[in-house]
Structure formats: C-alpha cells, structure tokens
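Peer 1: I'm passing along run.cif; it holds mmCIF, C-alpha atoms and all ligand atoms.
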data_start
#
loop_
_atom_site.label_atom_id
_atom_site.label_comp_id
_atom_site.auth_asym_id
_atom_site.auth_seq_id
_atom_site.Cartn_x
_atom_site.Cartn_y
_atom_site.Cartn_z
CA MET A 854 13.31 -23.36 -14.38
CA ARG A 855 9.57 -23.86 -14.75
CA PHE A 856 7.43 -24.96 -11.81
CA ALA A 857 3.93 -26.38 -12.31
CA VAL A 858 1.92 -24.14 -9.98
CA ASN A 859 -1.30 -25.87 -8.91
CA LEU A 860 -3.82 -23.24 -9.99
CA ALA A 861 -6.88 -25.26 -8.89
CA ARG A 862 -5.45 -25.48 -5.37
CA PHE A 863 -4.76 -21.71 -5.37
CA GLN A 864 -8.30 -21.02 -6.63
CA LYS A 865 -9.82 -23.09 -3.82
CA ASP A 866 -7.97 -20.99 -1.19
CA PHE A 867 -8.79 -17.80 -3.08
CA ASP A 868 -12.53 -18.65 -3.11
CA GLU A 869 -12.46 -19.47 0.58
CA MET A 870 -10.69 -16.18 1.39
CA SER A 871 -13.20 -14.20 -0.70
CA ARG A 872 -16.01 -15.45 1.55
CA ILE A 873 -14.37 -13.75 4.57
CA GLY A 874 -15.87 -10.28 4.90
CA ARG A 875 -17.89 -10.61 1.67
CA THR A 876 -20.26 -7.66 1.13
CA PRO A 877 -23.82 -7.71 -0.32
CA GLU A 878 -22.35 -6.02 -3.43
CA GLY A 879 -19.97 -8.96 -3.87
CA GLY A 880 -16.89 -7.08 -2.68
CA ALA A 881 -14.55 -7.59 0.26
CA SER A 882 -14.64 -5.65 3.54
CA ARG A 883 -11.76 -6.77 5.67
CA LEU A 884 -10.70 -3.52 7.26
CA SER A 885 -7.42 -3.49 9.19
CA PHE A 886 -7.88 -4.62 12.81
CA SER A 887 -11.49 -5.74 12.14
CA PRO A 888 -12.86 -9.18 13.11
CA ALA A 889 -13.00 -10.04 9.37
CA ASP A 890 -9.30 -9.34 8.91
CA ARG A 891 -8.52 -11.35 12.04
CA ALA A 892 -10.42 -14.26 10.53
CA ALA A 893 -8.45 -13.82 7.29
CA ARG A 894 -5.15 -13.85 9.20
CA ASP A 895 -6.22 -17.03 11.02
CA PHE A 896 -7.02 -18.59 7.65
CA VAL A 897 -3.60 -17.55 6.31
CA SER A 898 -1.68 -18.99 9.25
CA THR A 899 -3.62 -22.28 8.95
CA LYS A 900 -2.68 -22.47 5.26
CA MET A 901 0.96 -21.61 6.07
CA ARG A 902 1.13 -24.43 8.62
CA ALA A 903 -0.51 -26.89 6.23
CA ALA A 904 2.19 -25.98 3.67
CA GLY A 905 4.81 -27.07 6.21
CA LEU A 906 5.97 -23.52 7.00
CA GLU A 907 7.20 -22.51 10.44
CA VAL A 908 4.69 -19.82 11.47
CA PHE A 909 5.32 -16.90 13.83
CA GLN A 910 4.11 -13.33 14.42
CA ASP A 911 6.77 -10.61 14.62
CA PRO A 912 6.59 -7.75 17.20
CA ALA A 913 4.88 -5.52 14.58
CA GLY A 914 2.01 -7.98 14.06
CA ASN A 915 3.05 -9.34 10.66
CA LEU A 916 2.62 -13.09 10.17
CA HIS A 917 5.54 -15.08 8.79
CA GLY A 918 5.76 -18.60 7.40
CA ARG A 919 9.34 -19.78 6.99
CA ARG A 920 10.61 -22.58 4.77
CA ALA A 921 14.08 -23.62 5.86
CA GLY A 922 17.01 -23.50 3.48
CA THR A 923 20.03 -25.79 3.49
CA GLU A 924 22.13 -22.95 4.96
CA PRO A 925 21.34 -20.49 7.78
CA GLY A 926 21.20 -16.73 7.19
CA PRO A 927 18.79 -14.16 5.77
CA THR A 928 15.89 -15.63 3.80
CA VAL A 929 14.29 -14.60 0.52
CA ALA A 930 10.84 -13.24 1.37
CA THR A 931 7.60 -12.77 -0.55
CA GLY A 932 3.99 -12.01 0.39
CA SER A 933 1.41 -9.22 0.62
CA HIS A 934 -1.61 -8.34 2.77
CA SER A 935 -4.97 -9.80 3.84
CA ASP A 936 -6.83 -6.58 4.69
CA SER A 937 -8.97 -4.62 2.22
CA VAL A 938 -10.61 -1.23 1.90
CA GLU A 939 -14.35 -0.92 2.60
CA ASN A 940 -16.18 -2.89 -0.11
CA GLY A 941 -12.96 -3.42 -2.05
CA GLY A 942 -11.91 -6.16 -4.45
CA HIS A 943 -10.87 -9.77 -3.85
CA PHE A 944 -7.55 -9.71 -5.70
CA ASP A 945 -5.75 -6.78 -4.02
CA GLY A 946 -3.19 -8.27 -1.60
CA VAL A 947 -4.71 -11.75 -1.66
CA VAL A 948 -3.12 -12.78 -4.98
CA GLY A 949 0.38 -12.03 -3.67
CA LEU A 950 -0.31 -13.59 -0.27
CA LEU A 951 -2.12 -16.83 -1.12
CA GLY A 952 -0.03 -17.04 -4.31
CA ALA A 953 3.14 -17.05 -2.18
CA ILE A 954 1.78 -19.93 -0.11
CA GLU A 955 0.88 -21.81 -3.29
CA VAL A 956 4.44 -21.33 -4.57
CA MET A 957 5.80 -22.88 -1.32
CA ARG A 958 3.51 -25.92 -1.83
CA THR A 959 4.61 -26.14 -5.46
CA LEU A 960 8.26 -26.22 -4.40
CA ASN A 961 7.44 -28.85 -1.75
CA ASP A 962 5.71 -31.01 -4.40
CA ALA A 963 8.72 -30.69 -6.70
CA GLY A 964 11.07 -31.59 -3.85
CA VAL A 965 13.01 -28.35 -4.36
CA LYS A 966 15.52 -27.40 -1.68
CA THR A 967 17.07 -23.93 -1.68
CA ARG A 968 20.33 -22.70 -0.19
CA ARG A 969 18.73 -19.73 1.56
CA GLY A 970 15.40 -20.18 3.29
CA LEU A 971 12.17 -18.77 1.81
CA GLU A 972 9.58 -16.81 3.77
CA VAL A 973 5.97 -15.78 3.23
CA VAL A 974 4.94 -12.55 4.98
CA CYS A 975 1.36 -11.44 5.63
CA PHE A 976 1.69 -7.73 6.44
CA LEU A 977 -0.55 -6.10 9.03
CA ALA A 978 -2.86 -3.24 7.97
CA GLU A 979 -1.58 -2.37 4.49
CA GLU A 980 -4.59 -0.33 3.42
CA PRO A 981 -5.18 3.22 4.72
CA ASN A 982 -7.15 2.67 7.93
CA CYS A 983 -9.20 4.56 10.48
CA PHE A 984 -5.94 5.59 12.19
CA GLY A 985 -4.76 7.46 9.08
CA LEU A 986 -1.82 5.21 8.30
CA SER A 987 -1.19 2.74 5.48
CA CYS A 988 1.39 -0.09 5.30
CA PHE A 989 1.44 -0.29 9.10
CA GLY A 990 3.26 -3.63 9.40
CA SER A 991 6.05 -2.92 6.93
CA ARG A 992 6.57 0.62 8.29
CA ALA A 993 6.81 -0.77 11.82
CA LEU A 994 9.18 -3.57 10.81
CA SER A 995 11.50 -1.12 9.06
CA GLY A 996 11.61 1.11 12.16
CA LYS A 997 9.64 4.05 10.76
CA LEU A 998 7.10 4.47 13.58
CA ASN A 999 7.61 6.63 16.64
CA ARG A 1000 6.05 6.90 20.08
CA SER A 1001 3.73 9.84 19.36
CA LEU A 1002 2.30 8.05 16.37
CA LEU A 1003 1.83 4.71 18.11
CA TYR A 1004 0.25 6.19 21.22
CA GLY A 1005 -1.30 9.36 19.79
CA ARG A 1006 -3.70 8.09 17.11
CA SER A 1007 -7.30 7.04 17.57
CA ASP A 1008 -10.21 6.34 15.23
CA ARG A 1009 -13.56 8.17 15.06
CA SER A 1010 -15.08 5.94 17.74
CA GLY A 1011 -12.27 6.90 20.10
CA ARG A 1012 -10.51 3.52 19.96
CA THR A 1013 -6.76 4.08 20.19
CA LEU A 1014 -4.28 2.53 17.79
CA SER A 1015 -2.47 0.97 20.73
CA ALA A 1016 -5.70 -0.74 21.86
CA ALA A 1017 -6.29 -2.04 18.33
CA LEU A 1018 -2.75 -3.42 18.26
CA GLU A 1019 -3.11 -5.02 21.68
CA SER A 1020 -6.24 -6.84 20.48
CA LEU A 1021 -3.94 -8.67 18.02
CA GLY A 1022 -1.38 -9.46 20.69
CA VAL A 1023 0.92 -6.67 19.51
CA ALA A 1024 2.53 -4.51 22.22
CA PRO A 1025 3.24 -0.93 21.00
CA ALA A 1026 6.29 -0.86 23.30
CA ALA A 1027 7.69 -3.91 21.52
CA ILE A 1028 7.42 -2.04 18.19
CA LEU A 1029 9.52 0.81 19.62
CA ASP A 1030 12.08 -1.73 20.91
CA LEU A 1031 12.19 -3.65 17.65
CA ASN A 1032 15.53 -3.84 15.90
CA PRO A 1033 14.97 -3.68 12.12
CA GLN A 1034 18.40 -5.23 11.57
CA ALA A 1035 17.03 -8.47 13.03
CA PHE A 1036 14.61 -8.57 10.09
CA ARG A 1037 17.03 -8.26 7.20
CA TYR A 1038 16.18 -10.31 4.15
CA HIS A 1039 18.35 -11.33 1.25
CA ALA A 1040 15.53 -10.15 -1.04
CA PHE A 1041 11.79 -9.45 -1.07
CA VAL A 1042 9.52 -9.98 -4.08
CA GLU A 1043 5.82 -9.02 -4.00
CA VAL A 1044 3.20 -10.08 -6.54
CA HIS A 1045 0.31 -7.60 -6.80
CA VAL A 1046 -2.49 -6.71 -9.20
CA GLU A 1047 -1.73 -3.46 -11.02
CA GLN A 1048 -4.94 -1.53 -10.15
CA GLY A 1049 -4.22 0.59 -13.21
CA LYS A 1050 -4.81 0.24 -16.96
CA THR A 1051 -1.31 -0.18 -18.42
CA LEU A 1052 -0.99 -3.99 -18.64
CA PHE A 1053 -4.66 -4.49 -19.54
CA THR A 1054 -4.48 -1.95 -22.38
CA GLU A 1055 -1.14 -3.23 -23.67
CA LYS A 1056 -2.36 -6.86 -23.33
CA ILE A 1057 0.86 -7.86 -21.55
CA PRO A 1058 0.48 -10.40 -18.71
CA LEU A 1059 3.43 -9.38 -16.54
CA GLY A 1060 4.71 -6.02 -15.33
CA LEU A 1061 8.14 -5.76 -13.71
CA VAL A 1062 8.08 -2.76 -11.40
CA THR A 1063 11.02 -0.37 -11.70
CA GLU A 1064 10.04 1.99 -8.88
CA ILE A 1065 7.20 2.64 -6.47
CA VAL A 1066 6.25 6.28 -6.81
CA GLY A 1067 6.13 8.48 -3.73
CA ALA A 1068 2.99 9.65 -1.94
CA TYR A 1069 2.70 12.89 0.01
CA ARG A 1070 -0.34 13.78 2.14
CA TYR A 1071 -1.09 17.02 3.99
CA LYS A 1072 -3.98 18.08 6.20
CA VAL A 1073 -4.62 21.75 5.49
CA LYS A 1074 -6.74 23.98 7.77
CA PHE A 1075 -8.13 27.34 6.68
CA LYS A 1076 -9.31 29.62 9.49
CA GLY A 1077 -11.38 32.64 8.51
CA GLN A 1078 -14.33 34.29 10.22
CA ALA A 1079 -17.84 32.84 10.49
CA ASP A 1080 -20.31 35.69 9.95
CA HIS A 1081 -23.90 36.26 8.91
CA SER A 1082 -24.16 35.82 5.15
CA GLY A 1083 -26.70 38.63 4.89
CA GLY A 1084 -25.02 41.17 7.10
CA THR A 1085 -21.41 40.88 5.93
CA PRO A 1086 -20.49 42.82 2.77
CA MET A 1087 -18.27 41.08 0.23
CA ASP A 1088 -15.24 43.24 0.98
CA GLN A 1089 -15.28 42.39 4.68
CA ARG A 1090 -15.33 38.62 4.45
CA ARG A 1091 -12.76 36.02 5.52
CA ASP A 1092 -14.35 32.99 3.87
CA ALA A 1093 -12.46 29.78 4.71
CA LEU A 1094 -14.31 27.67 2.14
CA ALA A 1095 -13.62 30.12 -0.69
CA ALA A 1096 -9.92 29.97 0.23
CA ALA A 1097 -10.05 26.14 0.22
CA ALA A 1098 -11.80 26.18 -3.17
CA GLU A 1099 -9.02 28.30 -4.60
CA ALA A 1100 -6.46 25.97 -3.01
CA ILE A 1101 -8.06 22.88 -4.59
CA LEU A 1102 -7.85 24.52 -8.02
CA ALA A 1103 -4.22 25.46 -7.34
CA VAL A 1104 -3.41 21.79 -6.62
CA GLU A 1105 -5.01 20.82 -9.92
CA ARG A 1106 -3.31 23.59 -11.90
CA ILE A 1107 0.16 22.90 -10.49
CA CYS A 1108 -0.03 19.13 -10.86
CA ARG A 1109 -1.30 19.51 -14.44
CA LYS A 1110 1.80 21.52 -15.17
CA TYR A 1111 3.86 18.57 -13.90
CA HIS A 1112 1.92 16.05 -16.00
CA PRO A 1113 4.98 15.33 -18.22
CA GLN A 1114 6.83 14.21 -15.06
CA ASP A 1115 3.94 11.91 -14.13
CA ILE A 1116 2.82 13.88 -11.06
CA VAL A 1117 -0.80 13.59 -9.90
CA GLY A 1118 -2.53 15.63 -7.21
CA THR A 1119 -5.91 15.15 -5.56
CA VAL A 1120 -8.10 16.68 -2.89
CA GLY A 1121 -10.55 13.94 -1.88
CA VAL A 1122 -11.55 15.15 1.57
CA ILE A 1123 -13.18 18.43 2.61
CA GLN A 1124 -14.88 19.50 5.84
CA VAL A 1125 -16.65 22.81 6.28
CA SER A 1126 -17.67 24.50 9.51
CA PRO A 1127 -20.22 25.59 10.47
CA CYS A 1128 -21.73 24.33 7.17
CA MET A 1129 -24.94 26.33 7.33
CA ILE A 1130 -26.90 27.99 4.55
CA ASN A 1131 -26.72 31.53 5.97
CA VAL A 1132 -23.28 31.53 7.59
CA ILE A 1133 -19.96 32.37 5.92
CA PRO A 1134 -17.73 29.32 6.49
CA GLY A 1135 -15.33 30.12 9.32
CA GLU A 1136 -13.24 26.98 9.04
CA CYS A 1137 -12.41 24.50 6.35
CA GLU A 1138 -10.16 21.47 6.29
CA ILE A 1139 -8.94 19.58 3.22
CA ILE A 1140 -6.50 16.74 2.62
CA ILE A 1141 -4.09 17.21 -0.27
CA GLU A 1142 -2.43 14.18 -1.80
CA VAL A 1143 0.40 14.38 -4.35
CA ARG A 1144 1.90 11.28 -5.90
CA GLY A 1145 4.87 10.86 -8.14
CA ARG A 1146 8.58 11.36 -8.31
CA VAL A 1147 8.56 14.73 -6.57
CA HIS A 1148 11.97 14.67 -4.93
CA PHE A 1149 13.77 16.42 -7.76
CA PRO A 1150 15.43 19.55 -6.37
CA LYS A 1151 13.90 23.03 -5.97
CA SER A 1152 10.53 23.94 -7.50
CA THR A 1153 8.90 20.62 -6.57
CA PRO A 1154 5.12 20.58 -7.01
CA VAL A 1155 4.63 20.22 -3.24
CA ALA A 1156 6.71 23.32 -2.57
CA GLU A 1157 4.81 25.18 -5.28
CA ILE A 1158 1.46 24.16 -3.83
CA LYS A 1159 2.49 25.35 -0.36
CA LYS A 1160 3.61 28.68 -1.78
CA ALA A 1161 0.36 29.13 -3.69
CA LEU A 1162 -1.63 28.38 -0.54
CA GLN A 1163 0.34 30.91 1.49
CA GLY A 1164 -0.22 33.57 -1.17
CA LEU A 1165 -3.94 33.11 -1.51
CA CYS A 1166 -4.49 32.93 2.26
CA ARG A 1167 -2.54 36.14 2.78
CA GLN A 1168 -4.69 37.85 0.19
CA ARG A 1169 -7.90 36.57 1.74
CA ARG A 1170 -6.73 37.22 5.32
CA VAL A 1171 -7.33 33.57 6.12
CA GLU A 1172 -5.09 31.72 8.55
CA LEU A 1173 -3.33 28.66 7.14
CA GLN A 1174 -2.10 25.53 8.93
CA ILE A 1175 -0.40 22.68 7.07
CA GLU A 1176 0.13 19.37 8.87
CA THR A 1177 2.24 16.69 7.18
CA LEU A 1178 0.48 13.31 7.34
CA MET A 1179 2.90 11.33 5.20
CA GLU A 1180 5.91 11.94 2.98
CA ASP A 1181 6.95 8.69 1.32
CA GLU A 1182 9.63 9.28 -1.27
CA SER A 1183 9.72 7.42 -4.53
CA GLN A 1184 11.48 4.07 -4.06
CA PRO A 1185 13.40 2.43 -6.92
CA VAL A 1186 13.53 -1.39 -6.87
CA SER A 1187 16.79 -3.33 -6.60
CA PRO A 1188 18.55 -3.74 -9.97
CA LYS A 1189 19.63 -7.23 -8.82
CA VAL A 1190 16.04 -8.40 -8.20
CA LEU A 1191 14.76 -6.72 -11.36
CA GLN A 1192 17.40 -8.56 -13.37
CA ALA A 1193 16.50 -11.91 -11.75
CA LEU A 1194 12.82 -11.28 -12.58
CA GLU A 1195 13.61 -10.31 -16.15
CA GLN A 1196 15.85 -13.34 -16.70
CA SER A 1197 13.20 -15.69 -15.28
CA ALA A 1198 10.47 -14.12 -17.45
CA ILE A 1199 12.64 -14.61 -20.54
CA GLU A 1200 13.30 -18.23 -19.57
CA LEU A 1201 9.55 -18.80 -19.10
CA GLY A 1202 8.86 -17.19 -22.47
CA VAL A 1203 6.16 -14.91 -21.06
CA PRO A 1204 5.78 -11.35 -22.41
CA PHE A 1205 6.54 -8.66 -19.85
CA MET A 1206 7.16 -4.93 -19.63
CA ARG A 1207 8.97 -2.66 -17.20
CA MET A 1208 6.72 -0.12 -15.48
CA PRO A 1209 6.53 2.11 -12.38
CA SER A 1210 4.04 1.34 -9.62
CA ARG A 1211 1.71 4.31 -9.16
CA THR A 1212 0.27 2.87 -5.96
CA GLY A 1213 1.97 2.37 -2.59
CA HIS A 1214 2.91 -1.12 -1.40
CA ASP A 1215 4.63 -2.84 1.50
CA ALA A 1216 7.59 -3.46 -0.85
CA MET A 1217 8.30 0.29 -0.61
CA HIS A 1218 9.10 -0.02 3.10
CA MET A 1219 10.69 -3.46 2.80
CA ALA A 1220 13.33 -1.72 0.67
CA GLN A 1221 14.89 -0.64 4.00
CA LEU A 1222 15.39 -4.30 4.91
CA ALA A 1223 15.97 -6.08 1.61
CA ASP A 1224 16.63 -5.84 -2.09
CA VAL A 1225 13.07 -5.56 -3.38
CA GLY A 1226 11.21 -6.24 -6.60
CA MET A 1227 7.55 -6.42 -7.65
CA ILE A 1228 5.53 -8.36 -10.21
CA PHE A 1229 2.36 -6.67 -11.48
CA LEU A 1230 -0.56 -8.55 -13.05
CA PRO A 1231 -3.24 -7.01 -15.32
CA SER A 1232 -6.37 -5.55 -13.71
CA ARG A 1233 -9.42 -5.73 -15.98
CA ASP A 1234 -10.28 -2.17 -17.13
CA GLY A 1235 -7.68 -0.97 -14.62
CA ILE A 1236 -10.19 -1.16 -11.76
CA GLY A 1237 -8.97 -1.50 -8.17
CA HIS A 1238 -10.45 -1.01 -4.67
CA HIS A 1239 -13.90 -1.95 -6.00
CA PRO A 1240 -15.99 -5.16 -5.99
CA SER A 1241 -15.54 -5.46 -9.78
CA GLU A 1242 -11.73 -5.68 -9.46
CA TRP A 1243 -10.64 -8.67 -11.58
CA THR A 1244 -7.50 -10.48 -12.75
CA ASP A 1245 -7.68 -13.59 -14.98
CA MET A 1246 -6.51 -16.86 -13.41
CA GLU A 1247 -4.24 -17.51 -16.44
CA ASP A 1248 -2.38 -14.29 -15.67
CA ILE A 1249 -2.14 -15.22 -11.99
CA GLU A 1250 -0.64 -18.57 -13.03
CA LYS A 1251 2.05 -16.79 -15.09
CA GLY A 1252 2.79 -14.44 -12.20
CA LEU A 1253 3.17 -17.31 -9.72
CA GLN A 1254 5.41 -19.25 -12.11
CA LEU A 1255 7.59 -16.17 -12.40
CA LEU A 1256 7.58 -15.76 -8.62
CA ALA A 1257 8.59 -19.41 -8.06
CA ALA A 1258 11.42 -19.27 -10.61
CA THR A 1259 12.72 -15.94 -9.27
CA LEU A 1260 12.60 -16.93 -5.58
CA VAL A 1261 14.57 -20.12 -6.30
CA LYS A 1262 17.06 -18.16 -8.39
CA LEU A 1263 17.58 -15.54 -5.64
CA ALA A 1264 17.71 -18.18 -2.89
CA ASN A 1265 20.44 -20.13 -4.64
CA ALA A 1266 22.44 -17.15 -5.91
ZN ZN B 1301 -2.71 -4.07 -2.02
#
Starting from the coordinates I provided, produce the structure as structure tokens.
Ligand SMILES: [Zn+2]

Peer 2:
Amino acid sequence: MRFAVNLARFQKDFDEMSRIGRTPEGGASRLSFSPADRAARDFVSTKMRAAGLEVFQDPAGNLHGRRAGTEPGPTVATGSHSDSVENGGHFDGVVGLLGAIEVMRTLNDAGVKTRRGLEVVCFLAEEPNCFGLSCFGSRALSGKLNRSLLYGRSDRSGRTLSAALESLGVAPAAILDLNPQAFRYHAFVEVHVEQGKTLFTEKIPLGLVTEIVGAYRYKVKFKGQADHSGGTPMDQRRDALAAAAEAILAVERICRKYHPQDIVGTVGVIQVSPCMINVIPGECEIIIEVRGRVHFPKSTPVAEIKKALQGLCRQRRVELQIETLMEDESQPVSPKVLQALEQSAIELGVPFMRMPSRTGHDAMHMAQLADVGMIFLPSRDGIGHHPSEWTDMEDIEKGLQLLAATLVKLANA
C-alpha cells in the first residue's frame, strides 16, 4: 500500500522545530532537560494533539500520542527524540519524531483505520547528557534504571538528576515503581538518519537495520605519585599520565586487531592532575568506549583491554581503578519487523539495503518491550552531531512512505 505523505506539511513542522534552540552556527542545541528541549516537547505535544492523537506523559517522562485502533490491546509504536547534542544537527531524532506525526496525519487524511492502535513516542533525553546517561526515557520505560542511578547522579553545576526529572513533572520514585509490562507494544519501528557514510556512498535511499551494535564505556583512573619533575629520577617515577598514554595506545592496538569483526574503540576524554609543567602527573582519568558485537565468548576486546591495563599498571607501579559506566549489548532487530519492512520496501519499489546500526538508539531498549525494527536514511557525507548534518527531503519522503506502509501492515497483521 502506498500512502501520499504530505512532505510540505512535514517540512513546515521541521523548519519550525529547527528554530527551537538554533545556534549562531546554524546547528541545534536542545540539550536534555534544558528549556530548549522543553519548548521542543511542548511543540511536539501540540502537533500530536492537532493530529487527533490522545496525548499523555508516561512515568518516565516520555510523551505519547495514541491513535486508537478498532480493537483494544498493545499498539504499534514509532517515534524518536527531540533533544540534541550541543550544536548538533537538525535531522537527528527530529526526522523520526515529526515524521511519525506526519504519518498519523497521512493515515487520517486517507481515512485509514487499523486493527491495533498506533502510537507516536517522543523519548526523553536520548542523547548522552550531563548526567552521563543516554537513552534515558527508553531505559527507564524498559525497567533498566535503579535507585542509586536515579538518586546518585548530578551534573557539573551540582544539579541532581532527580531535580532535573522533577522539573519535567517526572517523579524518580514513579520510575522505580513503573511496571514495564504495562508498556508492551506489538511492535516498534524507528526512522532515523544514519549518521554514517554507508547509504550515502552506496547511493541507496533506505537502510533496514539488522542489529544495533553494543556500546561499552568505562571510567579508568590511574593513581601514581605526583613528584617534582626535576628531582625525581626516571627509575623512581610512578607517572599516571604515562600509564594512561600506554593504555590509550593499547585500546587502539587491540581494537585494530578486531577490525574484521567491526569493533571500534576510542578514548575521547582525559583529565590529568595536577597538570603542571614541573610536576609528574599523580593522577589521570580517561573514558574508554568500545562499540561493536563484543559479546562473543572468551577473548573479547574489552577483556583484553582490561588485561593489558592491569599488566602495564603493575609494571609501572600505578594503581588502577575501572568503573563500568555502561554495558549495552548488541541488539538484533525482530525478524518479523524486518520482514514487514522489506516486503513494504519491495511493494513501494524503493531500493534498500540491510545494514547494522553503529550508533545507539532508543529502539535498542524498546526491544525489551516490543518487536523492533529501524529504517535508516542517508546522511550527506556521513556527517552527524554537527550543524552540517543533512538528509534530502526526497529520501525522508521515501522513509515516511515505508514507515506508513509498515505500521499499517503490522497493525493489521
Ligand atoms: Zn538520534
């Protein structure tokens, strides 16, 4: 079935959204829990209501817009997020969110009724935020957050996560009491821009995601001895920064070895103390991130990295502390949803390819609550999280047509 998505109407909403939190560089700054993201969420709920959806906020702070089906029971959900990184792009999240609302309006215009209801979800705080947590809303909804996390985290200004949640009318206690089973969906399909080069290079408008690769993050502390750089001979040093430098190279070396298995590893954060020209660094902290399908047994890259770190710290007489920030395992999509997407794409006659998602998404956590699938759209030059992020409107139109056809198919199946 082909639905005539009203692209001009989508574009109008898209342009309006891109003015919320617009930066001087032309990007978007709608950080999670910021006034700009609140304004974006207000805009989204207004649009949901105007599309005739029944709007409510769940205990985890996600916004929902429900379109009733002819029968009661779990709905077929779609959606994405309104927040952005600092000075990010306008397409990330917004295409899948405003696109979902446009698809509901398209179905209204066509007088389409579905057996199961349909639901648009605007997830809270998808991007990594000042509280060190990404995909907040979908993690919370799927019951993955605990008390120490909800009450124990605060940002650099000292604002606690629980205070930030309360400012949105979300009670942390209600998140702990939430029953994920009450939020089961028949299926969940998310449209998102790829933020990678594959579709753009291959000149293929649609990507059907086969799995969302895992992400593993560790805060690593090296404790040596701060000493005078002039007075301490080389053989008596316990240099924390030198140990960290060796560790960073170990991450690179080990992940390169796993390149055939599509593993990537990065150290993007480093802090040195005391950070003075004539003092041997006594302490150093780095954050290691490894992404990919690392759950194959034994000799995983993460285990290898940890072993390498222990070895080099022993040799350098530097104390090592490893704190796990996040261990999200690779999540395959539902074969049922993938098949529905593939069938619909064939019926629409639009070229597509199967591909893994190398970035994390709410769909990863929604897999606890639903059969999930994802549609990727080409990102020009593969750029994401940057003001120059771009996806052509013609590709968005194809993606939304595929979304509409697939949602109807899943809702009537
Ligand atoms: Zn996103």

Peer 1: Kindly work out which residues sit at most 10 Å from ligand ZN 1301 (chain B), using all atoms listed in the file, and give the list as a PyMOL selection string.

Peer 2: chain A and resi 933-938+942+944-950+979-980+988+1044-1048+1212-1215+1237-1238

Peer 1: Identify which of the residues A:Ala857, A:Leu1102, A:Leu994, A:Ile1139 lies closest to A:Ala1035, counting all atoms listed in the file when measuring atom-to-atom distances.

Peer 2: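 Under the stated criterion, the closest residue is A:Leu994.
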
Peer 1: What separation in Å, quoted to one decimal, exists between atom CA of A:Asp1181 and atom CA of A:Gly990?

Peer 2: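 It comes out at 15.2 Å.
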
Peer 1: Fewer than 3 positions away in the same chain doesn't count, so skip those; otherwise give me all residues within 12 Å of A:Glu955, counting only C-alpha atoms, as a PDB file with C-alpha atoms, in the coordinates of the input.

Peer 2:
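Output below, filename result_18.pdb:
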ATOM      1  CA  PHE A 856       7.430 -24.960 -11.810  1.00  0.00           C
ATOM      2  CA  ALA A 857       3.930 -26.380 -12.310  1.00  0.00           C
ATOM      3  CA  VAL A 858       1.920 -24.140  -9.980  1.00  0.00           C
ATOM      4  CA  ASN A 859      -1.300 -25.870  -8.910  1.00  0.00           C
ATOM      5  CA  LEU A 860      -3.820 -23.240  -9.990  1.00  0.00           C
ATOM      6  CA  ALA A 861      -6.880 -25.260  -8.890  1.00  0.00           C
ATOM      7  CA  ARG A 862      -5.450 -25.480  -5.370  1.00  0.00           C
ATOM      8  CA  PHE A 863      -4.760 -21.710  -5.370  1.00  0.00           C
ATOM      9  CA  GLN A 864      -8.300 -21.020  -6.630  1.00  0.00           C
ATOM     10  CA  LYS A 865      -9.820 -23.090  -3.820  1.00  0.00           C
ATOM     11  CA  ASP A 866      -7.970 -20.990  -1.190  1.00  0.00           C
ATOM     12  CA  PHE A 867      -8.790 -17.800  -3.080  1.00  0.00           C
ATOM     13  CA  VAL A 897      -3.600 -17.550   6.310  1.00  0.00           C
ATOM     14  CA  LYS A 900      -2.680 -22.470   5.260  1.00  0.00           C
ATOM     15  CA  MET A 901       0.960 -21.610   6.070  1.00  0.00           C
ATOM     16  CA  ALA A 903      -0.510 -26.890   6.230  1.00  0.00           C
ATOM     17  CA  ALA A 904       2.190 -25.980   3.670  1.00  0.00           C
ATOM     18  CA  GLY A 905       4.810 -27.070   6.210  1.00  0.00           C
ATOM     19  CA  LEU A 906       5.970 -23.520   7.000  1.00  0.00           C
ATOM     20  CA  THR A 931       7.600 -12.770  -0.550  1.00  0.00           C
ATOM     21  CA  GLY A 932       3.990 -12.010   0.390  1.00  0.00           C
ATOM     22  CA  VAL A 947      -4.710 -11.750  -1.660  1.00  0.00           C
ATOM     23  CA  VAL A 948      -3.120 -12.780  -4.980  1.00  0.00           C
ATOM     24  CA  GLY A 949       0.380 -12.030  -3.670  1.00  0.00           C
ATOM     25  CA  LEU A 950      -0.310 -13.590  -0.270  1.00  0.00           C
ATOM     26  CA  LEU A 951      -2.120 -16.830  -1.120  1.00  0.00           C
ATOM     27  CA  GLY A 952      -0.030 -17.040  -4.310  1.00  0.00           C
ATOM     28  CA  ARG A 958       3.510 -25.920  -1.830  1.00  0.00           C
ATOM     29  CA  THR A 959       4.610 -26.140  -5.460  1.00  0.00           C
ATOM     30  CA  LEU A 960       8.260 -26.220  -4.400  1.00  0.00           C
ATOM     31  CA  ASN A 961       7.440 -28.850  -1.750  1.00  0.00           C
ATOM     32  CA  ASP A 962       5.710 -31.010  -4.400  1.00  0.00           C
ATOM     33  CA  VAL A 973       5.970 -15.780   3.230  1.00  0.00           C
ATOM     34  CA  ILE A1249      -2.140 -15.220 -11.990  1.00  0.00           C
ATOM     35  CA  GLU A1250      -0.640 -18.570 -13.030  1.00  0.00           C
ATOM     36  CA  GLY A1252       2.790 -14.440 -12.200  1.00  0.00           C
ATOM     37  CA  LEU A1253       3.170 -17.310  -9.720  1.00  0.00           C
ATOM     38  CA  GLN A1254       5.410 -19.250 -12.110  1.00  0.00           C
ATOM     39  CA  LEU A1256       7.580 -15.760  -8.620  1.00  0.00           C
ATOM     40  CA  ALA A1257       8.590 -19.410  -8.060  1.00  0.00           C
TER      41      ALA A1257
END

Peer 1: Quote the spacing between atom CA of A:Asn940 and atom CA of A:Gly880 in Å to one decimal place.

Peer 2: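 Atom CA of A:Asn940 sits 5.0 Å away from atom CA of A:Gly880.
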
Peer 1: Show me as a list in words the residues that reach within 10 Å of (-7.5, 38.3, 0.6), counting all atoms listed in the file and using the file's own coordinates.

Peer 2: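 Counting all atoms listed in the file, I find these residues within 10 Å of (-7.5, 38.3, 0.6): Asp1088, Gln1089, Arg1090, Arg1091, Asp1092, Ala1096, Gly1164, Leu1165, Cys1166, Arg1167, Gln1168, Arg1169, Arg1170 and Val1171 of chain A.
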
Peer 1: If you count only C-alpha atoms, which residues fall within 8 Å of A:Leu1255, apart from same-chain ones fewer than 3 positions away, as a list in words?

Peer 2: Leu1194, Ser1197, Ala1198, Leu1201, Lys1251, Gly1252, Ala1258 and Thr1259 of chain A
